[in-house]
2 protein chains.
Amino acid sequence: MIIIIFPNDIYQYGEQLDDFILLHMFFTKSFGYAVRGILYVALMSDEKKRVQIDEIAERLSVPKHFLGKIMNKIVKEKILDSTKGPYGGFSINQDTLSIPLIKVLEVTEGLEQFSMCALGLRKCDPDHPCPVHHDMERLRSDLKKTLTDATINDLVIGNKPELIRNISAY
Amino acid sequence: MIIIIFPNDIYQYGEQLDDFILLHMFFTKSFGYAVRGILYVALMSDEKKRVQIDEIAERLSVPKHFLGKIMNKIVKEKILDSTKGPYGGFSINQDTLSIPLIKVLEVTEGLEQFSMCALGLRKCDPDHPCPVHHDMERLRSDLKKTLTDATINDLVIGNKPELIRNISAY
DNA sequence: TTCATAAGAGACCTACTTGTCTTTTGTGAA
DNA sequence: TTCACAAAAGACAAGTAGGTCTCTTATGAA
């Protein structure tokens with residue numbers, strides 16, 4: 001199963017589990033790994049309470065230790081729970097499903113992209129806008145809305161037309 | 001003076017010499033430095049035949065040695081000429097003004113971005129398009145056309161509505 | 001209470017872009 | 001023919017994203 005998030009759209013593309021497309025163009029790999037990791041845990045929560053990093057990394061074809069660090073941030077932000085030791089692993093909590101994607105974005109790569117001047121101008125604000133300021137503002141607020149509206153649960157149940165599942169491998 | 005190139009547009013924005021905006025979002029710093037460097041030499045060619053890297057770097061607020069390497073590539077591709085020794089420096093040649101920006105892009109960062117799948121799919125072509133394949137193709141061909149149509153001379157004389165001059169510093 | 005287990009933490013590596021510094025090479029005018 | 005000058009070349013370092021490896025810490029069931 002894959003989630004592709006593209007500028008303002010998320011598309012349905014396939015239906016088989018456990019392959020994912022990398023999120024490109026606008027987001028980092030970390031963000032993609034995080035979304036996919038959280039999703040995998042959420043999807044598995046029906047059949048088992050806890051999922052280990054080895055399993056997640058293998059099913060998602062993602063580097064284990066790198067994913068571990070990302071999951072660590074996710075746990076620190078209480079998006080998932082984790083338990084060490086035997087029978088330990090990552091599990092969803094009461095908040096997981098209602099977490100909006102923008103929260104995951106914030107945790108993994110920050111939200112600076114939403115406030116930076118696209119042209120790199122030192123002085124760029126509504127009063128002294130750069131040539132593309134207003135266009136960028138519109139684009140960004142669209143994207144922000146999409147990411148704020150879409151929750152983990154939306155991805156899990158796949159009930160939003162803007163969400164894509166994709167089977168294809170990276 | 002600044003040239004801003006944005007997806008499909010290049011805007012006029014100011015009129016004072018020697019400050020530039022960094023090209024963001026789609027291009028590397030190297031490309032921005034290259035365009036600005038070539039432009040500086042072209043603009044100065046009225047008052048002096050050759051311009052030294054120290055002057056260019058200072059006027060453009062760009063790291064001198066890094067710019068030097070980029071200018072070197074530019075010279076190897078015969079977009080500019082250079083002469084060592086006293087009274088040496090960089091100068092325009094008979095081709096400089098007719099060079100399209102896409103040539104500068106090719107020299108500095110390559111054109112791979114025009115053929116890569118935006119989603120990072122291994123298998124993505126017109127017969128097996130990814131969900132955003134056709135949209136991206138259109139975007140890219142627009143951008144490619146803009147960069148192919150705009151020459152150094154267009155920037156120098158600023159006679160195209162899509163070209164921007166900008167005074168603001170990065 | 002032990003101990004295998006699994007996450008956490010930290011050091012380190014790779015690749016790439018950007019940036020710095022020093023040495024080498026070519027050159028034009030005196 | 002010399003020599004100061006300026007580009008060319010090359011070594012090296014910083015910054016960042018991504019990735020690997022090892023050691024430490026917590027835990028839960030036997």
# chains A, B, ... in the order shown; residues from 1 in each chain; ligands from 1
>>> interface_residues(of="chain C", to="chain A", cutoff="10 Å", atoms="only C-alpha atoms (C1' of nucleotides)", output="ChimeraX atom specification")
/C:4-9
>>> interface_residues(of="chain D", to="chain B", cutoff="12 Å", atoms="only C-alpha atoms (C1' of nucleotides)", output="list in words")
DC3, DA4, DC5, DA6, DA7, DA8, DA9 and DG10 of chain D
>>> write_last_selection(atoms="N, CA and C atoms (P, O5', C5', C4', C3', O3' and C1' of nucleotides)", output="mmCIF file, in the first residue's frame")
data_model
loop_
_atom_site.group_PDB
_atom_site.id
_atom_site.type_symbol
_atom_site.label_atom_id
_atom_site.label_comp_id
_atom_site.auth_asym_id
_atom_site.auth_seq_id
_atom_site.Cartn_x
_atom_site.Cartn_y
_atom_site.Cartn_z
ATOM 1 P P DC D 3 62.458 39.452 -12.899
ATOM 2 O "O5'" DC D 3 60.920 39.782 -12.684
ATOM 3 C "C5'" DC D 3 60.407 41.061 -13.077
ATOM 4 C "C4'" DC D 3 58.893 41.053 -12.959
ATOM 5 C "C3'" DC D 3 58.361 40.175 -11.823
ATOM 6 O "O3'" DC D 3 57.238 40.814 -11.247
ATOM 7 C "C1'" DC D 3 57.369 39.519 -13.830
ATOM 8 P P DA D 4 57.184 41.058 -9.659
ATOM 9 O "O5'" DA D 4 55.782 41.810 -9.478
ATOM 10 C "C5'" DA D 4 55.536 43.004 -10.221
ATOM 11 C "C4'" DA D 4 54.198 42.896 -10.943
ATOM 12 C "C3'" DA D 4 53.015 42.517 -10.047
ATOM 13 O "O3'" DA D 4 51.916 43.358 -10.398
ATOM 14 C "C1'" DA D 4 53.171 40.977 -11.859
ATOM 15 P P DC D 5 50.530 43.322 -9.581
ATOM 16 O "O5'" DC D 5 49.584 42.522 -10.570
ATOM 17 C "C5'" DC D 5 49.443 42.981 -11.913
ATOM 18 C "C4'" DC D 5 48.678 41.947 -12.702
ATOM 19 C "C3'" DC D 5 47.413 41.441 -12.007
ATOM 20 O "O3'" DC D 5 46.329 41.565 -12.899
ATOM 21 C "C1'" DC D 5 48.706 39.626 -12.807
ATOM 22 P P DA D 6 44.841 41.767 -12.302
ATOM 23 O "O5'" DA D 6 44.151 40.426 -12.785
ATOM 24 C "C5'" DA D 6 44.048 40.148 -14.182
ATOM 25 C "C4'" DA D 6 43.756 38.682 -14.378
ATOM 26 C "C3'" DA D 6 42.700 38.116 -13.424
ATOM 27 O "O3'" DA D 6 41.784 37.331 -14.146
ATOM 28 C "C1'" DA D 6 44.622 36.772 -13.384
ATOM 29 P P DA D 7 40.467 36.718 -13.535
ATOM 30 O "O5'" DA D 7 40.522 35.280 -14.202
ATOM 31 C "C5'" DA D 7 40.666 35.182 -15.617
ATOM 32 C "C4'" DA D 7 41.238 33.820 -15.972
ATOM 33 C "C3'" DA D 7 40.345 32.643 -15.597
ATOM 34 O "O3'" DA D 7 40.409 31.696 -16.647
ATOM 35 C "C1'" DA D 7 42.439 32.420 -14.526
ATOM 36 P P DA D 8 39.569 30.329 -16.565
ATOM 37 O "O5'" DA D 8 40.642 29.322 -15.941
ATOM 38 C "C5'" DA D 8 41.839 29.078 -16.665
ATOM 39 C "C4'" DA D 8 42.553 27.873 -16.083
ATOM 40 C "C3'" DA D 8 41.667 26.679 -15.732
ATOM 41 O "O3'" DA D 8 42.347 25.503 -16.149
ATOM 42 C "C1'" DA D 8 42.855 27.384 -13.799
ATOM 43 P P DA D 9 41.635 24.073 -15.984
ATOM 44 O "O5'" DA D 9 42.315 23.535 -14.651
ATOM 45 C "C5'" DA D 9 43.727 23.633 -14.492
ATOM 46 C "C4'" DA D 9 44.126 23.057 -13.152
ATOM 47 C "C3'" DA D 9 43.263 21.891 -12.666
ATOM 48 O "O3'" DA D 9 44.115 20.857 -12.226
ATOM 49 C "C1'" DA D 9 43.398 23.544 -10.987
ATOM 50 P P DG D 10 43.535 19.383 -11.950
ATOM 51 O "O5'" DG D 10 43.799 19.209 -10.396
ATOM 52 C "C5'" DG D 10 45.001 19.718 -9.825
ATOM 53 C "C4'" DG D 10 44.832 19.873 -8.347
ATOM 54 C "C3'" DG D 10 43.900 18.818 -7.716
ATOM 55 O "O3'" DG D 10 44.508 18.277 -6.560
ATOM 56 C "C1'" DG D 10 43.285 20.965 -7.020
#
>>> residues_around(residues="region 33-39 of chain A", least_positions_apart="3", cutoff="8 Å", atoms="only C-alpha atoms (C1' of nucleotides)", output="JSON list (two decimals) with C-alpha atoms, in the first residue's frame")
[["chain", "number", "residue", "atom", "x", "y", "z"],
["A", 2, "ILE", "CA", 1.23, 3.40, -0.90],
["A", 3, "ILE", "CA", 0.24, 6.88, -0.12],
["A", 20, "PHE", "CA", 5.10, 2.63, -1.38],
["A", 29, "LYS", "CA", 12.23, 11.28, 2.40],
["A", 30, "SER", "CA", 11.94, 11.57, 6.18],
["A", 42, "ALA", "CA", -2.10, 1.80, 12.18],
["A", 43, "LEU", "CA", -3.00, -0.72, 9.50],
["A", 56, "ILE", "CA", 8.16, -2.02, 9.33],
["A", 60, "LEU", "CA", 8.34, -0.70, 3.53],
["A", 62, "VAL", "CA", 13.18, 1.48, 4.11],
["A", 67, "LEU", "CA", 13.48, 4.82, 10.09],
["A", 70, "ILE", "CA", 12.28, 9.09, 12.53],
["A", 71, "MET", "CA", 9.92, 6.85, 14.51],
["A", 74, "ILE", "CA", 7.13, 10.46, 16.09],
["A", 80, "LEU", "CA", 2.62, 6.81, 18.27],
["A", 101, "LEU", "CA", -0.45, 15.12, 8.09],
["A", 104, "VAL", "CA", 3.92, 14.77, 10.74],
["A", 108, "THR", "CA", 10.02, 15.54, 10.40],
["A", 152, "ILE", "CA", -3.92, 9.47, 9.45],
["A", 155, "LEU", "CA", -5.35, 7.54, 4.84],
["A", 156, "VAL", "CA", -6.21, 4.37, 6.71]]
>>> residues_around(residues="DC21 (chain D)", least_positions_apart="5", cutoff="10 Å", atoms="only C-alpha atoms (C1' of nucleotides)", output="list in words")
His65 of chain A; DA11, DC12 and DC13 of chain C
>>> closest_residue(among="B:Glu109, B:Ser98, B:His128, B:Phe66", to="chain A", atoms="only C-alpha atoms")
B:His128
>>> atom_distance(atom1="CA of Ser115 (chain A)", atom2="CA of Ser141 (chain A)")
10.5 Å
>>> atom_distance(atom1="C1' of DG19 (chain C)", atom2="CA of Leu111 (chain A)")
26.9 Å
>>> atom_distance(atom1="C1' of DT14 (chain C)", atom2="CA of Glu58 (chain A)")
21.7 Å
>>> closest_residue(among="B:Gln113, B:Ser61, B:Ser91, B:Thr146", to="chain A", atoms="only C-alpha atoms")
B:Gln113
>>> closest_residue(among="B:Asp154, B:Cys124, B:Lys145, B:Asp46", to="chain A", atoms="only C-alpha atoms")
B:Cys124
>>> select_by_dssp(residues="region 24-154 of chain A", states="helix (DSSP H, G or I)", output="PDB file with N, CA and C atoms, in the first residue's frame")
ATOM      1  N   LYS A  29      12.424  12.707   2.203  1.00  0.00           N
ATOM      2  CA  LYS A  29      12.225  11.282   2.405  1.00  0.00           C
ATOM      3  C   LYS A  29      11.749  11.018   3.822  1.00  0.00           C
ATOM      4  N   SER A  30      12.312  11.747   4.774  1.00  0.00           N
ATOM      5  CA  SER A  30      11.937  11.566   6.176  1.00  0.00           C
ATOM      6  C   SER A  30      10.427  11.659   6.364  1.00  0.00           C
ATOM      7  N   PHE A  31       9.837  12.642   5.751  1.00  0.00           N
ATOM      8  CA  PHE A  31       8.388  12.806   5.876  1.00  0.00           C
ATOM      9  C   PHE A  31       7.662  11.608   5.283  1.00  0.00           C
ATOM     10  N   GLY A  32       8.095  11.184   4.117  1.00  0.00           N
ATOM     11  CA  GLY A  32       7.469  10.025   3.488  1.00  0.00           C
ATOM     12  C   GLY A  32       7.600   8.779   4.352  1.00  0.00           C
ATOM     13  N   TYR A  33       8.804   8.559   4.876  1.00  0.00           N
ATOM     14  CA  TYR A  33       9.035   7.401   5.740  1.00  0.00           C
ATOM     15  C   TYR A  33       8.131   7.468   6.961  1.00  0.00           C
ATOM     16  N   ALA A  34       8.014   8.668   7.533  1.00  0.00           N
ATOM     17  CA  ALA A  34       7.204   8.842   8.737  1.00  0.00           C
ATOM     18  C   ALA A  34       5.746   8.503   8.474  1.00  0.00           C
ATOM     19  N   VAL A  35       5.196   9.081   7.409  1.00  0.00           N
ATOM     20  CA  VAL A  35       3.794   8.822   7.079  1.00  0.00           C
ATOM     21  C   VAL A  35       3.576   7.331   6.852  1.00  0.00           C
ATOM     22  N   ARG A  36       4.484   6.741   6.088  1.00  0.00           N
ATOM     23  CA  ARG A  36       4.339   5.327   5.775  1.00  0.00           C
ATOM     24  C   ARG A  36       4.479   4.463   7.024  1.00  0.00           C
ATOM     25  N   GLY A  37       5.431   4.832   7.892  1.00  0.00           N
ATOM     26  CA  GLY A  37       5.638   4.078   9.125  1.00  0.00           C
ATOM     27  C   GLY A  37       4.414   4.124  10.029  1.00  0.00           C
ATOM     28  N   ILE A  38       3.906   5.320  10.234  1.00  0.00           N
ATOM     29  CA  ILE A  38       2.720   5.477  11.069  1.00  0.00           C
ATOM     30  C   ILE A  38       1.564   4.679  10.480  1.00  0.00           C
ATOM     31  N   LEU A  39       1.432   4.784   9.188  1.00  0.00           N
ATOM     32  CA  LEU A  39       0.356   4.080   8.511  1.00  0.00           C
ATOM     33  C   LEU A  39       0.467   2.582   8.646  1.00  0.00           C
ATOM     34  N   TYR A  40       1.670   2.101   8.538  1.00  0.00           N
ATOM     35  CA  TYR A  40       1.853   0.655   8.649  1.00  0.00           C
ATOM     36  C   TYR A  40       1.434   0.166  10.030  1.00  0.00           C
ATOM     37  N   VAL A  41       1.846   0.891  11.051  1.00  0.00           N
ATOM     38  CA  VAL A  41       1.475   0.534  12.416  1.00  0.00           C
ATOM     39  C   VAL A  41      -0.041   0.593  12.590  1.00  0.00           C
ATOM     40  N   ALA A  42      -0.640   1.645  12.055  1.00  0.00           N
ATOM     41  CA  ALA A  42      -2.096   1.804  12.180  1.00  0.00           C
ATOM     42  C   ALA A  42      -2.833   0.682  11.461  1.00  0.00           C
ATOM     43  N   LEU A  43      -2.350   0.322  10.282  1.00  0.00           N
ATOM     44  CA  LEU A  43      -2.998  -0.717   9.497  1.00  0.00           C
ATOM     45  C   LEU A  43      -2.869  -2.083  10.169  1.00  0.00           C
ATOM     46  N   MET A  44      -1.748  -2.300  10.836  1.00  0.00           N
ATOM     47  CA  MET A  44      -1.498  -3.583  11.476  1.00  0.00           C
ATOM     48  C   MET A  44      -2.196  -3.701  12.827  1.00  0.00           C
ATOM     49  N   ILE A  53      10.281  -2.381  14.576  1.00  0.00           N
ATOM     50  CA  ILE A  53      10.927  -1.575  13.539  1.00  0.00           C
ATOM     51  C   ILE A  53      11.455  -2.458  12.405  1.00  0.00           C
ATOM     52  N   ASP A  54      11.923  -3.670  12.742  1.00  0.00           N
ATOM     53  CA  ASP A  54      12.450  -4.566  11.705  1.00  0.00           C
ATOM     54  C   ASP A  54      11.374  -4.897  10.684  1.00  0.00           C
ATOM     55  N   GLU A  55      10.192  -5.202  11.206  1.00  0.00           N
ATOM     56  CA  GLU A  55       9.101  -5.554  10.304  1.00  0.00           C
ATOM     57  C   GLU A  55       8.697  -4.355   9.439  1.00  0.00           C
ATOM     58  N   ILE A  56       8.559  -3.211  10.071  1.00  0.00           N
ATOM     59  CA  ILE A  56       8.159  -2.016   9.329  1.00  0.00           C
ATOM     60  C   ILE A  56       9.164  -1.710   8.227  1.00  0.00           C
ATOM     61  N   ALA A  57      10.439  -1.714   8.610  1.00  0.00           N
ATOM     62  CA  ALA A  57      11.494  -1.382   7.659  1.00  0.00           C
ATOM     63  C   ALA A  57      11.502  -2.361   6.491  1.00  0.00           C
ATOM     64  N   GLU A  58      11.289  -3.648   6.832  1.00  0.00           N
ATOM     65  CA  GLU A  58      11.325  -4.648   5.765  1.00  0.00           C
ATOM     66  C   GLU A  58      10.138  -4.504   4.821  1.00  0.00           C
ATOM     67  N   ARG A  59       8.949  -4.386   5.398  1.00  0.00           N
ATOM     68  CA  ARG A  59       7.750  -4.293   4.559  1.00  0.00           C
ATOM     69  C   ARG A  59       7.731  -3.026   3.719  1.00  0.00           C
ATOM     70  N   LEU A  60       8.351  -1.979   4.246  1.00  0.00           N
ATOM     71  CA  LEU A  60       8.335  -0.699   3.534  1.00  0.00           C
ATOM     72  C   LEU A  60       9.575  -0.487   2.672  1.00  0.00           C
ATOM     73  N   LYS A  64      16.335   0.528   8.059  1.00  0.00           N
ATOM     74  CA  LYS A  64      15.861   0.291   9.408  1.00  0.00           C
ATOM     75  C   LYS A  64      16.274   1.342  10.435  1.00  0.00           C
ATOM     76  N   HIS A  65      17.571   1.617  10.498  1.00  0.00           N
ATOM     77  CA  HIS A  65      18.046   2.507  11.550  1.00  0.00           C
ATOM     78  C   HIS A  65      17.633   3.959  11.306  1.00  0.00           C
ATOM     79  N   PHE A  66      17.588   4.292  10.036  1.00  0.00           N
ATOM     80  CA  PHE A  66      17.151   5.645   9.695  1.00  0.00           C
ATOM     81  C   PHE A  66      15.676   5.806  10.057  1.00  0.00           C
ATOM     82  N   LEU A  67      14.895   4.804   9.720  1.00  0.00           N
ATOM     83  CA  LEU A  67      13.482   4.817  10.087  1.00  0.00           C
ATOM     84  C   LEU A  67      13.332   4.878  11.601  1.00  0.00           C
ATOM     85  N   GLY A  68      14.219   4.157  12.301  1.00  0.00           N
ATOM     86  CA  GLY A  68      14.177   4.154  13.764  1.00  0.00           C
ATOM     87  C   GLY A  68      14.259   5.555  14.348  1.00  0.00           C
ATOM     88  N   LYS A  69      15.155   6.343  13.787  1.00  0.00           N
ATOM     89  CA  LYS A  69      15.309   7.712  14.285  1.00  0.00           C
ATOM     90  C   LYS A  69      14.059   8.542  14.029  1.00  0.00           C
ATOM     91  N   ILE A  70      13.486   8.328  12.880  1.00  0.00           N
ATOM     92  CA  ILE A  70      12.283   9.085  12.534  1.00  0.00           C
ATOM     93  C   ILE A  70      11.127   8.668  13.440  1.00  0.00           C
ATOM     94  N   MET A  71      10.980   7.360  13.643  1.00  0.00           N
ATOM     95  CA  MET A  71       9.916   6.853  14.513  1.00  0.00           C
ATOM     96  C   MET A  71      10.097   7.393  15.931  1.00  0.00           C
ATOM     97  N   ASN A  72      11.345   7.545  16.299  1.00  0.00           N
ATOM     98  CA  ASN A  72      11.665   8.090  17.611  1.00  0.00           C
ATOM     99  C   ASN A  72      11.069   9.494  17.786  1.00  0.00           C
ATOM    100  N   LYS A  73      11.237  10.316  16.764  1.00  0.00           N
ATOM    101  CA  LYS A  73      10.651  11.668  16.811  1.00  0.00           C
ATOM    102  C   LYS A  73       9.128  11.582  16.895  1.00  0.00           C
ATOM    103  N   ILE A  74       8.586  10.654  16.135  1.00  0.00           N
ATOM    104  CA  ILE A  74       7.132  10.464  16.086  1.00  0.00           C
ATOM    105  C   ILE A  74       6.595  10.094  17.472  1.00  0.00           C
ATOM    106  N   VAL A  75       7.348   9.247  18.161  1.00  0.00           N
ATOM    107  CA  VAL A  75       6.938   8.823  19.506  1.00  0.00           C
ATOM    108  C   VAL A  75       7.068   9.982  20.500  1.00  0.00           C
ATOM    109  N   LYS A  76       8.153  10.736  20.361  1.00  0.00           N
ATOM    110  CA  LYS A  76       8.351  11.876  21.262  1.00  0.00           C
ATOM    111  C   LYS A  76       7.223  12.891  21.136  1.00  0.00           C
ATOM    112  N   THR A  96      -3.485   8.914  17.597  1.00  0.00           N
ATOM    113  CA  THR A  96      -2.853   8.624  16.311  1.00  0.00           C
ATOM    114  C   THR A  96      -3.750   8.894  15.109  1.00  0.00           C
ATOM    115  N   LEU A  97      -4.914   8.320  15.110  1.00  0.00           N
ATOM    116  CA  LEU A  97      -5.759   8.400  13.917  1.00  0.00           C
ATOM    117  C   LEU A  97      -6.240   9.811  13.594  1.00  0.00           C
ATOM    118  N   SER A  98      -6.280  10.654  14.587  1.00  0.00           N
ATOM    119  CA  SER A  98      -6.768  12.016  14.319  1.00  0.00           C
ATOM    120  C   SER A  98      -5.647  13.010  14.028  1.00  0.00           C
ATOM    121  N   LEU A 101      -1.752  15.307   8.736  1.00  0.00           N
ATOM    122  CA  LEU A 101      -0.453  15.115   8.093  1.00  0.00           C
ATOM    123  C   LEU A 101       0.496  16.278   8.341  1.00  0.00           C
ATOM    124  N   ILE A 102      -0.058  17.451   8.533  1.00  0.00           N
ATOM    125  CA  ILE A 102       0.829  18.602   8.727  1.00  0.00           C
ATOM    126  C   ILE A 102       1.631  18.483  10.018  1.00  0.00           C
ATOM    127  N   LYS A 103       1.059  17.770  10.982  1.00  0.00           N
ATOM    128  CA  LYS A 103       1.781  17.521  12.226  1.00  0.00           C
ATOM    129  C   LYS A 103       3.005  16.637  11.958  1.00  0.00           C
ATOM    130  N   VAL A 104       2.814  15.647  11.109  1.00  0.00           N
ATOM    131  CA  VAL A 104       3.922  14.765  10.742  1.00  0.00           C
ATOM    132  C   VAL A 104       4.995  15.545   9.978  1.00  0.00           C
ATOM    133  N   LEU A 105       4.527  16.432   9.127  1.00  0.00           N
ATOM    134  CA  LEU A 105       5.456  17.276   8.372  1.00  0.00           C
ATOM    135  C   LEU A 105       6.267  18.149   9.323  1.00  0.00           C
ATOM    136  N   GLU A 106       5.584  18.716  10.293  1.00  0.00           N
ATOM    137  CA  GLU A 106       6.243  19.592  11.264  1.00  0.00           C
ATOM    138  C   GLU A 106       7.320  18.834  12.040  1.00  0.00           C
ATOM    139  N   VAL A 107       6.977  17.630  12.462  1.00  0.00           N
ATOM    140  CA  VAL A 107       7.905  16.829  13.253  1.00  0.00           C
ATOM    141  C   VAL A 107       9.131  16.424  12.435  1.00  0.00           C
ATOM    142  N   THR A 108       8.918  16.080  11.190  1.00  0.00           N
ATOM    143  CA  THR A 108      10.019  15.542  10.396  1.00  0.00           C
ATOM    144  C   THR A 108      10.867  16.599   9.694  1.00  0.00           C
ATOM    145  N   GLU A 109      10.230  17.572   9.090  1.00  0.00           N
ATOM    146  CA  GLU A 109      11.058  18.541   8.368  1.00  0.00           C
ATOM    147  C   GLU A 109      10.738  19.986   8.694  1.00  0.00           C
ATOM    148  N   GLU A 112       9.081  25.504   7.966  1.00  0.00           N
ATOM    149  CA  GLU A 112       9.720  26.724   7.477  1.00  0.00           C
ATOM    150  C   GLU A 112       9.309  27.034   6.039  1.00  0.00           C
ATOM    151  N   GLN A 113       9.138  25.966   5.250  1.00  0.00           N
ATOM    152  CA  GLN A 113       8.786  26.158   3.851  1.00  0.00           C
ATOM    153  C   GLN A 113       7.515  26.981   3.664  1.00  0.00           C
ATOM    154  N   PHE A 114       6.701  27.037   4.717  1.00  0.00           N
ATOM    155  CA  PHE A 114       5.454  27.787   4.583  1.00  0.00           C
ATOM    156  C   PHE A 114       5.620  29.276   4.873  1.00  0.00           C
ATOM    157  N   HIS A 133       4.961  36.621  -4.547  1.00  0.00           N
ATOM    158  CA  HIS A 133       4.514  36.474  -3.160  1.00  0.00           C
ATOM    159  C   HIS A 133       3.072  35.984  -3.042  1.00  0.00           C
ATOM    160  N   HIS A 134       2.190  36.650  -3.751  1.00  0.00           N
ATOM    161  CA  HIS A 134       0.772  36.329  -3.588  1.00  0.00           C
ATOM    162  C   HIS A 134       0.414  34.964  -4.192  1.00  0.00           C
ATOM    163  N   ASP A 135       1.019  34.658  -5.317  1.00  0.00           N
ATOM    164  CA  ASP A 135       0.815  33.332  -5.903  1.00  0.00           C
ATOM    165  C   ASP A 135       1.286  32.243  -4.949  1.00  0.00           C
ATOM    166  N   MET A 136       2.456  32.471  -4.385  1.00  0.00           N
ATOM    167  CA  MET A 136       3.005  31.476  -3.462  1.00  0.00           C
ATOM    168  C   MET A 136       2.139  31.335  -2.222  1.00  0.00           C
ATOM    169  N   GLU A 137       1.664  32.457  -1.733  1.00  0.00           N
ATOM    170  CA  GLU A 137       0.791  32.417  -0.557  1.00  0.00           C
ATOM    171  C   GLU A 137      -0.430  31.543  -0.821  1.00  0.00           C
ATOM    172  N   ARG A 138      -0.995  31.698  -1.998  1.00  0.00           N
ATOM    173  CA  ARG A 138      -2.195  30.937  -2.334  1.00  0.00           C
ATOM    174  C   ARG A 138      -1.866  29.441  -2.419  1.00  0.00           C
ATOM    175  N   LEU A 139      -0.767  29.156  -3.139  1.00  0.00           N
ATOM    176  CA  LEU A 139      -0.315  27.771  -3.275  1.00  0.00           C
ATOM    177  C   LEU A 139      -0.075  27.132  -1.909  1.00  0.00           C
ATOM    178  N   ARG A 140       0.626  27.867  -1.082  1.00  0.00           N
ATOM    179  CA  ARG A 140       0.979  27.332   0.225  1.00  0.00           C
ATOM    180  C   ARG A 140      -0.233  27.131   1.110  1.00  0.00           C
ATOM    181  N   SER A 141      -1.175  28.071   1.040  1.00  0.00           N
ATOM    182  CA  SER A 141      -2.322  27.910   1.933  1.00  0.00           C
ATOM    183  C   SER A 141      -3.185  26.741   1.457  1.00  0.00           C
ATOM    184  N   ASP A 142      -3.220  26.516   0.131  1.00  0.00           N
ATOM    185  CA  ASP A 142      -3.913  25.336  -0.393  1.00  0.00           C
ATOM    186  C   ASP A 142      -3.274  24.062   0.158  1.00  0.00           C
ATOM    187  N   LEU A 143      -1.952  24.017   0.025  1.00  0.00           N
ATOM    188  CA  LEU A 143      -1.222  22.838   0.471  1.00  0.00           C
ATOM    189  C   LEU A 143      -1.395  22.633   1.976  1.00  0.00           C
ATOM    190  N   LYS A 144      -1.308  23.725   2.699  1.00  0.00           N
ATOM    191  CA  LYS A 144      -1.449  23.676   4.145  1.00  0.00           C
ATOM    192  C   LYS A 144      -2.823  23.137   4.527  1.00  0.00           C
ATOM    193  N   LYS A 145      -3.829  23.592   3.815  1.00  0.00           N
ATOM    194  CA  LYS A 145      -5.192  23.137   4.106  1.00  0.00           C
ATOM    195  C   LYS A 145      -5.325  21.641   3.841  1.00  0.00           C
ATOM    196  N   THR A 146      -4.774  21.214   2.715  1.00  0.00           N
ATOM    197  CA  THR A 146      -4.827  19.787   2.388  1.00  0.00           C
ATOM    198  C   THR A 146      -4.181  18.959   3.483  1.00  0.00           C
ATOM    199  N   LEU A 147      -3.022  19.404   3.934  1.00  0.00           N
ATOM    200  CA  LEU A 147      -2.278  18.651   4.942  1.00  0.00           C
ATOM    201  C   LEU A 147      -2.915  18.750   6.325  1.00  0.00           C
ATOM    202  N   THR A 148      -3.625  19.831   6.553  1.00  0.00           N
ATOM    203  CA  THR A 148      -4.274  20.007   7.845  1.00  0.00           C
ATOM    204  C   THR A 148      -5.576  19.197   7.904  1.00  0.00           C
ATOM    205  N   ASP A 149      -6.250  19.128   6.771  1.00  0.00           N
ATOM    206  CA  ASP A 149      -7.520  18.405   6.722  1.00  0.00           C
ATOM    207  C   ASP A 149      -7.338  16.893   6.712  1.00  0.00           C
ATOM    208  N   ILE A 152      -4.372  10.847   9.613  1.00  0.00           N
ATOM    209  CA  ILE A 152      -3.918   9.466   9.451  1.00  0.00           C
ATOM    210  C   ILE A 152      -5.107   8.558   9.182  1.00  0.00           C
ATOM    211  N   ASN A 153      -6.180   8.813   9.891  1.00  0.00           N
ATOM    212  CA  ASN A 153      -7.370   7.976   9.692  1.00  0.00           C
ATOM    213  C   ASN A 153      -7.897   8.070   8.266  1.00  0.00           C
ATOM    214  N   ASP A 154      -7.831   9.243   7.688  1.00  0.00           N
ATOM    215  CA  ASP A 154      -8.273   9.406   6.306  1.00  0.00           C
ATOM    216  C   ASP A 154      -7.466   8.498   5.385  1.00  0.00           C
TER     217      ASP A 154
END
